[in-house]
$ cat final_26.txt   # compact mmCIF, C-alpha atoms and all ligand atoms
# COMPACT_ATOMS: atom_id res chain seq x y z
CA MET A 1 122.92 81.12 105.31
CA GLY A 2 124.01 77.56 106.20
CA GLU A 3 123.29 74.52 104.09
CA GLU A 4 119.87 72.91 104.17
CA PRO A 5 119.78 70.34 106.99
CA GLN A 6 119.71 66.65 106.28
CA ALA A 7 116.59 65.31 107.91
CA ARG A 8 113.86 62.77 107.36
CA ILE A 9 110.56 61.90 108.89
CA ARG A 10 110.63 58.46 110.54
CA ALA A 11 107.03 58.37 111.77
CA THR A 12 103.96 60.58 111.91
CA LYS A 13 100.96 60.26 114.20
CA THR A 14 97.81 62.38 114.08
CA LEU A 15 97.05 63.24 117.70
CA SER A 16 93.88 65.16 116.95
CA ASN A 17 92.03 66.10 113.81
CA ALA A 18 89.21 68.41 114.78
CA ARG A 19 89.47 71.72 112.94
CA PHE A 20 93.05 71.15 111.82
CA ALA A 21 95.44 68.27 112.39
CA LEU A 22 97.78 68.17 115.35
CA GLU A 23 100.59 65.85 114.28
CA SER A 24 103.44 64.26 116.16
CA HIS A 25 106.53 63.65 114.02
CA GLU A 26 109.58 61.62 114.78
CA ILE A 27 112.37 63.22 112.75
CA GLU A 28 115.87 62.01 112.23
CA GLN A 29 118.09 65.02 111.88
CA ARG A 30 121.79 65.49 111.25
CA ARG A 31 123.44 67.85 113.70
CA ARG A 32 125.99 70.40 112.56
CA ASP A 33 128.76 68.31 114.18
CA GLY A 34 127.87 65.43 111.84
CA GLY A 35 126.07 63.27 114.39
CA TRP A 36 122.46 62.14 113.99
CA GLN A 37 119.64 62.60 116.47
CA THR A 38 115.98 61.74 116.56
CA VAL A 39 113.60 64.42 117.77
CA LYS A 40 109.89 64.29 118.45
CA ARG A 41 107.98 67.42 117.43
CA GLU A 42 104.29 68.25 117.63
CA ILE A 43 103.10 70.48 114.82
CA TYR A 44 99.68 72.09 114.43
CA ARG A 45 98.92 72.00 110.68
CA VAL A 46 96.78 75.11 110.29
CA GLY A 47 97.37 75.89 106.61
CA GLU A 48 98.04 79.37 105.27
CA GLY A 49 96.67 82.77 106.15
CA ALA A 50 96.70 86.19 104.54
CA ALA A 51 96.34 89.67 106.00
CA VAL A 52 96.07 93.19 104.66
CA LEU A 53 96.60 96.59 106.25
CA MET A 54 94.72 99.27 104.31
CA LEU A 55 95.74 102.92 104.33
CA ASP A 56 93.89 106.02 103.17
CA PRO A 57 96.89 108.10 102.05
CA ARG A 58 94.84 111.31 102.02
CA ARG A 59 93.86 111.21 105.70
CA GLY A 60 96.67 108.95 106.89
CA THR A 61 94.21 106.50 108.46
CA VAL A 62 94.36 102.70 108.58
CA VAL A 63 91.60 100.12 108.96
CA LEU A 64 91.80 97.59 111.77
CA VAL A 65 89.30 94.98 112.90
CA ARG A 66 88.58 94.17 116.53
CA GLN A 67 87.28 90.76 117.55
CA PHE A 68 87.35 88.26 120.41
CA ARG A 69 90.36 85.92 120.24
CA ALA A 70 90.24 82.76 122.32
CA ALA A 71 94.03 82.17 122.64
CA PRO A 72 94.87 85.40 124.52
CA PHE A 73 91.65 84.93 126.48
CA VAL A 74 92.69 81.51 127.83
CA ASN A 75 96.11 83.02 128.63
CA GLY A 76 94.37 85.64 130.76
CA ASP A 77 95.30 88.50 128.42
CA PRO A 78 92.93 91.14 126.98
CA ALA A 79 90.96 89.22 124.36
CA LEU A 80 89.46 91.89 122.10
CA LEU A 81 92.33 92.21 119.66
CA ALA A 82 92.76 95.05 117.17
CA GLU A 83 94.31 93.51 114.07
CA ALA A 84 94.88 93.97 110.37
CA CYS A 85 92.12 92.26 108.45
CA ALA A 86 92.99 88.57 107.92
CA GLY A 87 91.63 85.23 106.89
CA MET A 88 92.59 81.69 106.13
CA VAL A 89 93.54 80.97 102.52
CA GLU A 90 90.82 78.58 101.33
CA GLU A 91 91.70 75.80 98.94
CA GLY A 92 91.81 77.07 95.36
CA ASP A 93 92.27 80.72 96.39
CA THR A 94 95.45 82.76 96.13
CA PRO A 95 96.51 84.90 99.11
CA GLU A 96 95.55 87.99 97.04
CA GLU A 97 92.03 86.63 96.51
CA THR A 98 91.79 85.85 100.21
CA VAL A 99 92.62 89.38 101.33
CA ARG A 100 90.23 90.92 98.80
CA LYS A 101 87.37 88.74 100.05
CA GLU A 102 88.21 89.15 103.73
CA ALA A 103 88.60 92.93 103.43
CA GLU A 104 85.14 93.25 101.97
CA GLN A 105 83.50 90.80 104.42
CA GLU A 106 85.24 92.05 107.54
CA THR A 107 85.57 95.80 106.83
CA GLY A 108 83.36 96.69 103.85
CA PHE A 109 86.35 98.46 102.25
CA ARG A 110 87.84 97.33 98.96
CA PRO A 111 91.64 97.15 98.91
CA ARG A 112 93.31 98.84 95.96
CA ASP A 113 96.92 98.86 94.93
CA LEU A 114 97.49 95.62 96.81
CA ARG A 115 101.18 95.06 97.51
CA HIS A 116 102.81 91.96 98.93
CA ALA A 117 105.04 92.93 101.87
CA PHE A 118 106.29 89.56 103.20
CA THR A 119 105.44 85.92 103.72
CA LEU A 120 106.31 84.73 107.21
CA TYR A 121 106.10 81.92 109.71
CA PRO A 122 104.63 83.67 112.75
CA SER A 123 105.38 80.77 115.08
CA PRO A 124 107.65 78.18 113.41
CA GLY A 125 108.29 76.25 116.61
CA ALA A 126 104.64 75.39 117.08
CA THR A 127 102.58 75.66 113.93
CA SER A 128 103.04 75.12 110.20
CA GLU A 129 101.17 78.34 109.48
CA LYS A 130 102.48 80.59 106.72
CA LEU A 131 101.16 84.14 106.66
CA HIS A 132 101.11 86.27 103.51
CA LEU A 133 101.11 89.95 104.46
CA PHE A 134 99.95 92.78 102.22
CA THR A 135 99.48 96.51 102.34
CA ALA A 136 96.84 98.32 100.28
CA ARG A 137 95.11 101.64 99.82
CA TYR A 138 91.43 102.24 100.46
CA ASP A 139 89.04 105.07 99.69
CA PRO A 140 86.49 105.66 102.47
CA ALA A 141 84.03 107.07 99.90
CA GLU A 142 83.94 103.69 98.14
CA ARG A 143 82.76 101.51 100.98
CA ALA A 144 80.86 98.49 99.65
CA GLY A 145 79.18 97.48 102.93
CA PRO A 146 79.37 97.69 106.73
CA GLY A 147 81.75 94.74 107.22
CA GLY A 148 81.48 92.87 110.50
CA GLY A 149 82.29 89.37 109.25
CA ARG A 150 80.04 86.32 108.91
CA PRO A 151 77.68 86.07 111.89
CA GLU A 152 76.73 82.51 110.84
CA GLU A 153 80.34 81.53 111.60
CA GLY A 154 80.31 83.31 114.95
CA GLU A 155 82.17 86.36 113.71
CA ASP A 156 81.39 89.65 115.44
CA ILE A 157 83.89 92.15 114.10
CA GLU A 158 84.15 95.84 114.92
CA VAL A 159 85.76 98.01 112.24
CA LEU A 160 88.18 100.71 113.45
CA GLU A 161 89.53 103.53 111.32
CA LEU A 162 92.30 105.43 113.01
CA PRO A 163 95.39 107.50 112.16
CA LEU A 164 98.48 105.38 111.47
CA ASP A 165 100.34 107.36 114.17
CA ARG A 166 97.63 106.60 116.71
CA ALA A 167 97.77 102.88 115.84
CA TRP A 168 101.56 102.97 116.28
CA ALA A 169 101.14 104.63 119.69
CA MET A 170 98.80 101.77 120.63
CA VAL A 171 101.61 99.31 119.85
CA GLY A 172 103.89 101.18 122.28
CA ALA A 173 101.16 101.21 124.90
CA GLY A 174 100.62 97.45 124.63
CA GLU A 175 97.13 97.95 123.21
CA ILE A 176 97.97 96.27 119.90
CA ILE A 177 99.50 92.87 120.64
CA ASP A 178 99.00 90.99 117.37
CA ALA A 179 102.33 90.31 115.63
CA LYS A 180 101.23 90.58 111.98
CA THR A 181 99.58 93.91 112.75
CA VAL A 182 102.71 95.35 114.37
CA LEU A 183 104.79 94.26 111.37
CA LEU A 184 102.41 95.79 108.86
CA LEU A 185 102.08 99.06 110.79
CA GLN A 186 105.87 99.30 110.95
CA HIS A 187 106.12 98.50 107.24
CA LEU A 188 103.65 101.25 106.30
CA ARG A 189 105.43 103.74 108.56
CA LEU A 190 108.77 103.00 106.89
CA GLU A 191 107.19 103.23 103.45
CA ARG A 192 105.67 106.61 104.29
CA ALA A 193 108.98 107.81 105.66
CA GLY A 194 110.49 107.03 102.26
CA ALA A 195 112.46 103.96 103.29
CA GLY A 196 110.21 101.40 101.63
N1 LIG B 201 84.13 75.70 114.37
C1 LIG B 201 85.22 76.37 114.58
N2 LIG B 201 85.33 77.56 113.99
C2 LIG B 201 86.44 78.25 114.20
C3 LIG B 201 87.49 77.77 115.01
N3 LIG B 201 88.49 78.69 115.00
C4 LIG B 201 88.05 79.69 114.22
N4 LIG B 201 86.83 79.44 113.74
C5 LIG B 201 86.05 80.28 112.84
O1 LIG B 201 86.68 80.24 111.58
C6 LIG B 201 86.62 81.49 110.93
C7 LIG B 201 88.04 81.99 110.61
O2 LIG B 201 87.98 83.28 110.08
P1 LIG B 201 89.10 83.89 109.13
O3 LIG B 201 88.79 85.33 109.00
O4 LIG B 201 89.26 83.05 107.92
O5 LIG B 201 90.45 83.67 109.94
P2 LIG B 201 90.92 84.46 111.22
O6 LIG B 201 90.38 83.83 112.43
O7 LIG B 201 90.75 85.94 111.06
O8 LIG B 201 92.49 84.14 111.23
C8 LIG B 201 93.41 84.84 110.41
O9 LIG B 201 94.37 85.47 111.19
C9 LIG B 201 95.10 84.57 112.02
C10 LIG B 201 96.23 85.19 112.74
O10 LIG B 201 96.02 86.45 113.17
C11 LIG B 201 95.78 83.52 111.25
O11 LIG B 201 96.28 82.59 112.18
C12 LIG B 201 94.86 82.85 110.28
O12 LIG B 201 95.62 82.05 109.40
C13 LIG B 201 94.10 83.87 109.48
O13 LIG B 201 94.97 84.60 108.64
C14 LIG B 201 85.89 82.42 111.88
O14 LIG B 201 84.56 82.45 111.46
C15 LIG B 201 86.04 81.74 113.24
O15 LIG B 201 84.97 82.05 114.07
C16 LIG B 201 87.35 76.50 115.64
O16 LIG B 201 88.23 76.02 116.35
N5 LIG B 201 86.19 75.86 115.37
MG MG B 202 89.48 87.06 109.97
$ encode --input "final_26.txt" --output "structure tokens"
Amino acid sequence: MGEEPQARIRATKTLSNARFALESHEIEQRRRDGGWQTVKREIYRVGEGAAVLMLDPRRGTVVLVRQFRAAPFVNGDPALLAEACAGMVEEGDTPEETVRKEAEQETGFRPRDLRHAFTLYPSPGATSEKLHLFTARYDPAERAGPGGGRPEEGEDIEVLELPLDRAWAMVGAGEIIDAKTVLLLQHLRLERAGAG
């Protein structure tokens, strides 16, 4: 690891502040050769998110949620994405609390044996988002509700339960294209193979 860079913010402008703030920063930054440069960077300040991939160790199944995602849609890609259950970390909540709430709202299943896997920047060049990723166990006999999300917020979420191996095959086939989901599936596979 190199040293932390020397840098400072010279100016910040809020370009848009609808759902989250889109900021433009002028940053003075020392290059590795010792020279200084000023760069302009636009950052979408979306806060933090948390996701959980739940496994039933007895049957080897995982729970995914499928919902319409606008970003792949406007890119012209398939827009019904199968993903690990996720939500934004609301103010005052911990990432653990977020995944417990989201799991129940979106899937009806209650995560047990919640384990933190990693905290990552999924797209550090474009957004400030930090994602906290967890694995958990679930028991299909203990389902608290049907899931589906909050219709009053426009959520319309289908719950999928499928074998971990089948989900991994969907990654290879390009049918699962969400990064956090691929990482968590891989993590569970390694764990089950005894490497985790
Ligand atoms: N009004 C409005 N509502 C929005 C907008 N974007 C999303 N919403 C609504 O805001 C809610 C967000 O639901 P969450 O479950 O909290 O988040 P998420 O959309 O599943 O996103 C999660 O995964 C993303 C990445 O896969 C993460 O980027 C995000 O941080 C979070 O973890 C949903 O009801 C959605 O319809 C918007 O631009 N405007
Ligand atoms: Mg969600």
$ residues_near_point --input "final_26.txt" --point "(100.8, 106.8, 107.6)" --cutoff "12 Å" --atoms "all atoms listed in the file" --output "VMD selection string"
chain A and resid 53 to 63 135 to 137 162 to 168 184 to 194
$ residues_near_ligand --input "final_26.txt" --ligand "ligand MG 202 (chain B)" --cutoff "8 Å" --atoms "all atoms listed in the file" --output "PDB file with C-alpha atoms, keeping the file's coordinate frame"
ATOM      1  CA  CYS A  85      92.120  92.260 108.450  1.00  0.00           C
ATOM      2  CA  ALA A  86      92.990  88.570 107.920  1.00  0.00           C
ATOM      3  CA  GLY A  87      91.630  85.230 106.890  1.00  0.00           C
ATOM      4  CA  MET A  88      92.590  81.690 106.130  1.00  0.00           C
ATOM      5  CA  GLU A 102      88.210  89.150 103.730  1.00  0.00           C
ATOM      6  CA  GLU A 106      85.240  92.050 107.540  1.00  0.00           C
ATOM      7  CA  GLY A 149      82.290  89.370 109.250  1.00  0.00           C
TER       8      GLY A 149
END
$ closest_residue --input "final_26.txt" --among "A:Thr181, A:Thr119, A:Thr38, A:Thr94" --to "ligand LIG 201 (chain B)" --atoms "only C-alpha atoms and all ligand atoms"
A:Thr181
$ residues_near_ligand --input "final_26.txt" --ligand "ligand LIG 201 (chain B)" --cutoff "9 Å" --atoms "all atoms listed in the file" --output "VMD selection string"
chain A and resid 18 to 20 46 to 51 67 69 to 70 83 to 90 98 102 105 to 106 122 129 to 132 149 to 156 178 to 181
$ atom_distance --input "final_26.txt" --atom1 "atom CA of A:Gly34" --atom2 "atom CA of A:Pro5"
10.6 Å
$ atom_distance --input "final_26.txt" --atom1 "atom CA of A:Gly125" --atom2 "atom CA of A:Lys101"
29.5 Å
$ closest_residue --input "final_26.txt" --among "A:Arg45, A:Glu104, A:Leu81, A:Leu133" --to "A:Met170" --atoms "only C-alpha atoms"
A:Leu81
$ atom_distance --input "final_26.txt" --atom1 "atom CA of A:Ile27" --atom2 "atom CA of A:Ala11"
7.3 Å
$ residues_around --input "final_26.txt" --residues "A:Glu42" --least-positions-apart "5" --cutoff "12 Å" --atoms "only C-alpha atoms" --output "ChimeraX atom specification"
/A:11-16,21-27,124-128
$ axis_aligned_box --input "final_26.txt" --around "stretch 89-93 of chain A" --padding-each-side "8 Å" --output "lines of an AutoDock Vina configuration file"
center_x = 92.2
center_y = 78.4
center_z = 98.9
size_x = 18.7
size_y = 21.2
size_z = 23.2
$ build_atoms --input "final_26.txt" --residues "stretch 12-45 of chain A" --atoms "N, CA and C atoms" --output "mmCIF file, in the frame of the given file"
data_model
loop_
_atom_site.group_PDB
_atom_site.id
_atom_site.type_symbol
_atom_site.label_atom_id
_atom_site.label_comp_id
_atom_site.auth_asym_id
_atom_site.auth_seq_id
_atom_site.Cartn_x
_atom_site.Cartn_y
_atom_site.Cartn_z
ATOM 1 N N THR A 12 104.902 59.482 111.658
ATOM 2 C CA THR A 12 103.960 60.580 111.910
ATOM 3 C C THR A 12 102.689 60.010 112.515
ATOM 4 N N LYS A 13 102.227 60.669 113.559
ATOM 5 C CA LYS A 13 100.960 60.260 114.200
ATOM 6 C C LYS A 13 100.046 61.471 114.237
ATOM 7 N N THR A 14 98.768 61.278 113.935
ATOM 8 C CA THR A 14 97.810 62.380 114.080
ATOM 9 C C THR A 14 97.217 62.288 115.479
ATOM 10 N N LEU A 15 97.508 63.283 116.303
ATOM 11 C CA LEU A 15 97.050 63.240 117.700
ATOM 12 C C LEU A 15 95.611 63.700 117.815
ATOM 13 N N SER A 16 95.237 64.629 116.910
ATOM 14 C CA SER A 16 93.880 65.160 116.950
ATOM 15 C C SER A 16 93.597 65.687 115.562
ATOM 16 N N ASN A 17 92.354 65.585 115.137
ATOM 17 C CA ASN A 17 92.030 66.100 113.810
ATOM 18 C C ASN A 17 90.640 66.712 113.856
ATOM 19 N N ALA A 18 90.514 67.761 114.645
ATOM 20 C CA ALA A 18 89.210 68.410 114.780
ATOM 21 C C ALA A 18 89.096 69.469 113.695
ATOM 22 N N ARG A 19 89.508 70.675 113.982
ATOM 23 C CA ARG A 19 89.470 71.720 112.940
ATOM 24 C C ARG A 19 90.656 71.577 111.994
ATOM 25 N N PHE A 20 91.829 71.434 112.582
ATOM 26 C CA PHE A 20 93.050 71.150 111.820
ATOM 27 C C PHE A 20 93.730 69.969 112.495
ATOM 28 N N ALA A 21 94.760 69.435 111.823
ATOM 29 C CA ALA A 21 95.440 68.270 112.390
ATOM 30 C C ALA A 21 96.581 68.698 113.319
ATOM 31 N N LEU A 22 96.618 68.047 114.469
ATOM 32 C CA LEU A 22 97.780 68.170 115.350
ATOM 33 C C LEU A 22 98.578 66.883 115.163
ATOM 34 N N GLU A 23 99.789 67.027 114.619
ATOM 35 C CA GLU A 23 100.590 65.850 114.280
ATOM 36 C C GLU A 23 101.817 65.751 115.176
ATOM 37 N N SER A 24 102.184 64.492 115.455
ATOM 38 C CA SER A 24 103.440 64.260 116.160
ATOM 39 C C SER A 24 104.392 63.579 115.171
ATOM 40 N N HIS A 25 105.555 64.180 114.982
ATOM 41 C CA HIS A 25 106.530 63.650 114.020
ATOM 42 C C HIS A 25 107.789 63.200 114.749
ATOM 43 N N GLU A 26 108.269 62.048 114.330
ATOM 44 C CA GLU A 26 109.580 61.620 114.780
ATOM 45 C C GLU A 26 110.522 61.911 113.619
ATOM 46 N N ILE A 27 111.498 62.758 113.849
ATOM 47 C CA ILE A 27 112.370 63.220 112.750
ATOM 48 C C ILE A 27 113.828 62.921 113.066
ATOM 49 N N GLU A 28 114.451 62.284 112.101
ATOM 50 C CA GLU A 28 115.870 62.010 112.230
ATOM 51 C C GLU A 28 116.598 63.190 111.597
ATOM 52 N N GLN A 29 117.502 63.760 112.345
ATOM 53 C CA GLN A 29 118.090 65.020 111.880
ATOM 54 C C GLN A 29 119.594 65.022 112.135
ATOM 55 N N ARG A 30 120.332 65.440 111.128
ATOM 56 C CA ARG A 30 121.790 65.490 111.250
ATOM 57 C C ARG A 30 122.182 66.792 111.937
ATOM 58 N N ARG A 31 122.961 66.660 112.992
ATOM 59 C CA ARG A 31 123.440 67.850 113.700
ATOM 60 C C ARG A 31 124.599 68.482 112.948
ATOM 61 N N ARG A 32 124.900 69.715 113.272
ATOM 62 C CA ARG A 32 125.990 70.400 112.560
ATOM 63 C C ARG A 32 127.335 69.728 112.772
ATOM 64 N N ASP A 33 127.483 69.001 113.921
ATOM 65 C CA ASP A 33 128.760 68.310 114.180
ATOM 66 C C ASP A 33 128.853 66.978 113.451
ATOM 67 N N GLY A 34 127.818 66.654 112.636
ATOM 68 C CA GLY A 34 127.870 65.430 111.840
ATOM 69 C C GLY A 34 127.114 64.257 112.449
ATOM 70 N N GLY A 35 126.805 64.359 113.738
ATOM 71 C CA GLY A 35 126.070 63.270 114.390
ATOM 72 C C GLY A 35 124.587 63.296 114.017
ATOM 73 N N TRP A 36 123.898 62.204 114.267
ATOM 74 C CA TRP A 36 122.460 62.140 113.990
ATOM 75 C C TRP A 36 121.689 62.096 115.288
ATOM 76 N N GLN A 37 120.512 62.697 115.295
ATOM 77 C CA GLN A 37 119.640 62.600 116.470
ATOM 78 C C GLN A 37 118.201 62.458 116.007
ATOM 79 N N THR A 38 117.397 61.852 116.871
ATOM 80 C CA THR A 38 115.980 61.740 116.560
ATOM 81 C C THR A 38 115.216 62.650 117.507
ATOM 82 N N VAL A 39 114.397 63.520 116.933
ATOM 83 C CA VAL A 39 113.600 64.420 117.770
ATOM 84 C C VAL A 39 112.125 64.147 117.536
ATOM 85 N N LYS A 40 111.325 64.439 118.578
ATOM 86 C CA LYS A 40 109.890 64.290 118.450
ATOM 87 C C LYS A 40 109.300 65.699 118.504
ATOM 88 N N ARG A 41 108.517 66.060 117.498
ATOM 89 C CA ARG A 41 107.980 67.420 117.430
ATOM 90 C C ARG A 41 106.486 67.384 117.122
ATOM 91 N N GLU A 42 105.719 68.141 117.898
ATOM 92 C CA GLU A 42 104.290 68.250 117.630
ATOM 93 C C GLU A 42 104.027 69.528 116.835
ATOM 94 N N ILE A 43 103.339 69.362 115.736
ATOM 95 C CA ILE A 43 103.100 70.480 114.820
ATOM 96 C C ILE A 43 101.598 70.607 114.571
ATOM 97 N N TYR A 44 101.088 71.821 114.720
ATOM 98 C CA TYR A 44 99.680 72.090 114.430
ATOM 99 C C TYR A 44 99.597 72.553 112.977
ATOM 100 N N ARG A 45 98.937 71.745 112.133
ATOM 101 C CA ARG A 45 98.920 72.000 110.680
ATOM 102 C C ARG A 45 97.748 72.897 110.299
#
